[in-house]
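**Q** One structure follows; several queries about it will come next.
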Amino acid sequence: MKKLTSIVLCLVFLAACNSKEKENRLQQELSEKTFTTTSYNYTPYDIYSITFKGISLPFKIDEAPSGGSIFFRDASEAEMDNGEKVRFSSGNCCFIWDTPVDKPLRVRVVWSVVFDTAYHNGKSSVDYDERTSRQSSPGSRWCQATVDILPAKGPDRPTTVLLHFLADGTVQAHLGTFKTQAPLAAEQVKLHATRLPQGQFCKQEIENPFYGIPRTPHRE
């Protein structure tokens with residue numbers, strides 16, 4: 001009887017070990033597919049609520065990975081190779097990359113351009129409800145773009161999606177690491193420095209993507 005009990009205990013112990021190893025392996029695999037996001041703003045406007053998702057997947061803004069917001073008043077600052085400053089938001093989480101990272105991944109990027117911060121934050125916004133209005137909030141416009149996230153150039157395993165919002169409405173993206181993340185080269189930024197016509201804030205404006213989405217209890 002003691003021998004049987006010992007066998008049973010050994011089997012239970014082995015099963016627990018196998019289960020733990022499997023869990024650790026799955027966690028490691030998930031970790032290798034999980035990316036943070038750093039977003040750079042080369043435009044003359046604040047950028048609010050950047051989100052993105054694989055183009056083949058259904059897009060719901062309240063479920064999409066975050067690329068952060070870049071308000072000039074409190075965003076971090078980086079220096080381009082010509083000494084010019086650019087604002088950025090770093091360390092936003094989490095984007096799951098399920099395909100090979102040595103191939104481009106096409107995503108839909110959605111964000112809000114805040115062209116009048118005082119109007120956006122002022123009395124005109126008091127009665128605005130993003131869940132019941134198709135329109136953007138006062139002083140802002142919702143935008144979207146289809147973007148290819150390009151593979152990283154360095155030898156290290158990439159951990160970060162880098163998004164670049166340029167003055168002519170172009171959005172570029174590529175993979176990198178915490179150590180290699182940096183603004184685009186000044187010459188590359190210069191190629192996209194021509195501003196959009198007055199009154200236009202991106203290449204493709206869209207309706208408020210939060211319209212009609214119920215609020216989540218205890219979260220909003």
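Labels used: A, B, ... for chains in the order of the structure tokens, numbers from 1 for residues in each chain, and numbers from 1 for ligands as shown.
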Among region 5-215 of chain A, which residues does DSSP mark as strand (DSSP E or B) when it is run on the backbone? Keep the chain and numbering as in the structure and answer as a PyMOL selection string.

**A** chain A and resi 34-41+46-54+66-70+76-79+85-96+105-114+140-150+160-165+171-176+205-206

**Q** What are the nearest atom pairs, with distances in Å to one decimal, for all residues of region 132-216 of chain A that come at most 6 Å from region 103-109 of chain A, using only C-alpha atoms, set out by chain and rising residue number as JSON lines?

**A**
{"residue": "A:Gln144", "atom": "CA", "partner": "A:Val109", "partner_atom": "CA", "distance": 5.4}
{"residue": "A:Ala145", "atom": "CA", "partner": "A:Val109", "partner_atom": "CA", "distance": 5.3}
{"residue": "A:Thr146", "atom": "CA", "partner": "A:Arg108", "partner_atom": "CA", "distance": 4.7}
{"residue": "A:Val147", "atom": "CA", "partner": "A:Val107", "partner_atom": "CA", "distance": 5.4}
{"residue": "A:Asp148", "atom": "CA", "partner": "A:Arg106", "partner_atom": "CA", "distance": 4.3}
{"residue": "A:Ile149", "atom": "CA", "partner": "A:Leu105", "partner_atom": "CA", "distance": 5.1}
{"residue": "A:Leu150", "atom": "CA", "partner": "A:Pro104", "partner_atom": "CA", "distance": 4.6}
{"residue": "A:Pro151", "atom": "CA", "partner": "A:Pro104", "partner_atom": "CA", "distance": 5.8}

**Q** For Leu191 (chain A), work out the shell of residues within 12 Å, counting only C-alpha atoms and skipping chain neighbours fewer than 5 positions away, then give it as an MDAnalysis selection string.

**A** chainID A and resid 42 166:170 184:186

**Q** Could you pull out the helix (DSSP H, G or I) residues of region 139-207 of chain A from DSSP and send them as a PyMOL selection string?

**A** chain A and resi 186-190

**Q** Please determine, counting only C-alpha atoms, which residue among A:Tyr128, A:Lys179, A:Ser49, A:Glu63 has the shortest atom-to-atom distance to Thr216 (chain A).

**A**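 Ranking A:Tyr128, A:Lys179, A:Ser49, A:Glu63 by distance to Thr216 (chain A), first place goes to A:Glu63.
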
**Q** As number ranges by chain, please: the residues near Pro158 (chain A) (cut-off 7 Å, only C-alpha atoms, same-chain neighbours under 3 positions excluded).

**A** A: 152, 175-177

**Q** Give me the residues near Pro44 (chain A) as a list of chain:residue names, where near means some atom within 12 Å (using only C-alpha atoms) and where sequence neighbours in that chain fewer than 6 positions away do not count.

**A** A:Ile70, A:Phe71, A:Phe72, A:Val86, A:Arg87, A:Val113, A:Val114, A:Phe115, A:Asp116, A:Thr117, A:Phe165, A:Leu166, A:Ala167, A:Asp168, A:Gly169, A:Ala193, A:Thr194, A:Arg195, A:Leu196, A:Phe201, A:Cys202

**Q** Between CA of Lys190 (chain A) and CA of Leu163 (chain A), what is the spacing in Å?

**A**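 CA of Lys190 (chain A) lies at a distance of 16.7 Å from CA of Leu163 (chain A).
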
**Q** Which distance in Å separates CA of Val101 (chain A) and CA of Met80 (chain A), to one decimal?

**A**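 According to the coordinates, CA of Val101 (chain A) and CA of Met80 (chain A) are separated by 26.2 Å.
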
**Q** Between CA of Thr38 (chain A) and CA of Gly212 (chain A), what is the distance, to one decimal in Å?

**A**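 We find that CA of Thr38 (chain A) and CA of Gly212 (chain A) lie 28.9 Å from each other.
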
**Q** Can you tell me which residues surround Thr160 (chain A) at a distance of at most 10 Å, considering only C-alpha atoms, apart from same-chain residues fewer than 4 positions away, and format the answer as a ChimeraX atom specification?

**A** /A:34-38,90-95,152,174-181

**Q** Quick one: residues within 9 Å of Ala78 (chain A), only C-alpha atoms, excluding same-chain residues fewer than 2 positions away - as a list of chain:residue names?

**A**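 The neighbour list is A:Tyr40, A:Ser76, A:Met80, A:Glu84, A:Lys85, A:Val86, A:Arg87, A:Phe88, A:Ala182, A:Pro183.
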